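Colleague: After the structure tokens below, expect a handful of questions from me.
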Amino acid sequence: MGNDNKHEQPIISFQVITDTHVREQADHIHNRHLEKALEDIATYSHGSSGIMHVGDVTDRGLPQEYQELQRILEAQGDSLPQIRYTVGNHDIGAILWGDPPLNLTTMNQHEVGEVLGHSGDMGQVEAHDIEKLQESISIEELWQKRLSDFTAITGMNGSYHDHWIDGYHYIFLGTEQPHPKDCDMSADQLQWLETKLSEQALPEQPIFVFLHQPLMDTVAGSMKEQGWYGVSQDAALKAVLSRYPQVILFSGHTHWQLEAKHTIYEGGGQMPTMFNASSVAYLWTDEDEHLEGSESLHVDVYRDRVVVKGRNHVTGSWIEGAEYTVHYPIKVNGGN
């Protein structure tokens, strides 16, 4: 087959968005950016296998923010493919970022209920339960509350989950602690990942993995000096992934613009390919500065390659210089 790939149709396509940081104010720039991004995606996502969201869906995981998210999604009607979600630190963290930040771990159950919305009618509380409500909330109780709020809205069944869609495997990883910034995975999750990666795995077929925080020294923003890497089990996760070089890992968290260096980390035959998926809410630059803007990735899968393209949702155009091709089967250095 020659190089005339111009008219070749992809086998499947999907979209990767991240860091939407929905706020409670309908006209907040983050919310307007999400509305515009979804309207833009609707124009080129027909037949898509889905939109994969890499976390920080909301800014603080508040009920009012989830209501705004639902309003924005409902306004799109049936124009969008199904969205699947990764958990982000802003969605489930123990700190509600703001001025000043609120630390939920210093509050009692009643106060946390006030802030995060009640999961029941507080009017029915028995006298002997009042004392319990006034105790400082435990990390485990806080985690369960934060995660259940997230799963109730997103429909995901936990902080990690997987889906087979149109013959391809999509694996979502996530923290199991309400850490303000980083991802903390259990040994169980790493074992689950190993099992899932091996499921019907073929060297010539990509496996798509989604994790909010990038691994250290991989994609833009994750360099040690930049400080936005954030997986407590960095080495252990890299060890598992290194056995599956056909994986493509998408991460968010850094907001680094796609025009910056290191949008792609090529893995060098030792590790999977990794992509920084930028942010729909606002961008960050190599100069370590905030930048107004809204970007995401579009993925086309062909028989022998995966093509990833960057999209600017403010202008509704493809980003020049942000198109990457990963060829399959992956050439592995050394081998075991």
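Just remember, in the structure tokens the first chain shown is A, the second B, etc., residues are 1-based per chain, and ligands are 1-based in the order shown.
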Write out as an NGL selection string each polymer residue whose atoms come within 12 Å of A:Ile153, counting only C-alpha atoms; drop sequence neighbours fewer than 6 positions from it.
Modeller: :A and (57-58 or 61-71 or 73 or 83-85 or 87 or 91 or 146-147)
Colleague: Which neighbours of A:Trp318 fall inside 12 Å, counting only C-alpha atoms, when residues of the same chain fewer than 4 positions from it are skipped, and could you give them as a list in words?
Modeller: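 Once the adjacent positions are removed, what remains is Asp40, Ile41, Tyr44, Leu258, Glu259, Glu295, Ser296, Leu297, His298, Val308, Lys309, Gly310, Arg311, Asn312, His313, Val314, Ala322 and Glu323 of chain A.
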Colleague: Using only C-alpha atoms, determine which residues lie at most 12 Å from A:Asp27, disregarding the query and same-chain residues fewer than 6 positions distant; provide the list as a PyMOL selection string.
Modeller: chain A and resi 33-35+68+72
Colleague: Next, write the just-selected residues to a file, as a compact mmCIF listing (two decimals), in the first residue's frame, keeping all heavy atoms as the atom set.
Modeller:
# COMPACT_ATOMS: atom_id res chain seq x y z
N HIS A 33 -16.37 28.33 27.96
CA HIS A 33 -15.41 27.57 27.17
C HIS A 33 -15.90 26.14 26.94
O HIS A 33 -15.74 25.60 25.84
CB HIS A 33 -14.04 27.53 27.86
CG HIS A 33 -13.17 28.72 27.53
ND1 HIS A 33 -12.08 29.07 28.28
CD2 HIS A 33 -13.23 29.62 26.51
CE1 HIS A 33 -11.50 30.14 27.73
NE2 HIS A 33 -12.19 30.49 26.67
N LEU A 34 -16.47 25.52 27.98
CA LEU A 34 -16.98 24.14 27.82
C LEU A 34 -18.14 24.11 26.82
O LEU A 34 -18.18 23.24 25.94
CB LEU A 34 -17.41 23.55 29.17
CG LEU A 34 -18.01 22.13 29.08
CD1 LEU A 34 -17.03 21.15 28.43
CD2 LEU A 34 -18.43 21.64 30.46
N GLU A 35 -19.05 25.08 26.94
CA GLU A 35 -20.18 25.14 25.99
C GLU A 35 -19.66 25.24 24.55
O GLU A 35 -20.11 24.53 23.65
CB GLU A 35 -21.07 26.35 26.30
CG GLU A 35 -21.90 26.16 27.56
CD GLU A 35 -22.56 27.45 28.05
OE1 GLU A 35 -22.00 28.54 27.87
OE2 GLU A 35 -23.65 27.34 28.63
N GLU A 68 -24.52 22.74 37.01
CA GLU A 68 -24.11 23.51 35.83
C GLU A 68 -23.62 22.57 34.72
O GLU A 68 -23.93 22.76 33.55
CB GLU A 68 -22.98 24.49 36.19
CG GLU A 68 -23.47 25.88 36.52
CD GLU A 68 -24.19 26.52 35.35
OE1 GLU A 68 -23.56 26.84 34.32
OE2 GLU A 68 -25.41 26.69 35.43
N ILE A 72 -25.18 22.29 30.96
CA ILE A 72 -24.39 22.46 29.74
C ILE A 72 -24.53 21.24 28.84
O ILE A 72 -24.69 21.36 27.62
CB ILE A 72 -22.92 22.75 30.11
CG1 ILE A 72 -22.80 24.13 30.77
CG2 ILE A 72 -22.01 22.65 28.88
CD1 ILE A 72 -21.45 24.38 31.46
Colleague: Just to confirm, what's the straight-line distance from atom CA of A:Thr20 to atom CA of A:Asn89 in Å (one decimal)?
Modeller: 12.4 Å
Colleague: List every residue of stretch 57-253 of chain A that DSSP, applied to the backbone of this structure, assigns to helix (DSSP H, G or I), and report them as an MDAnalysis selection string.
Modeller: chainID A and resid 63:75 89:92 104:106 109:116 122:124 127:133 139:154 187:198 234:241
Colleague: Any idea what's packed within 12 Å of A:His255, counting only C-alpha atoms, ignoring anything in its chain fewer than 3 positions away? Could you give it as a ChimeraX atom specification?
Modeller: /A:17-21,54-56,212-214,219-222,228-229,251-252,258-260,263,275-286,288-296
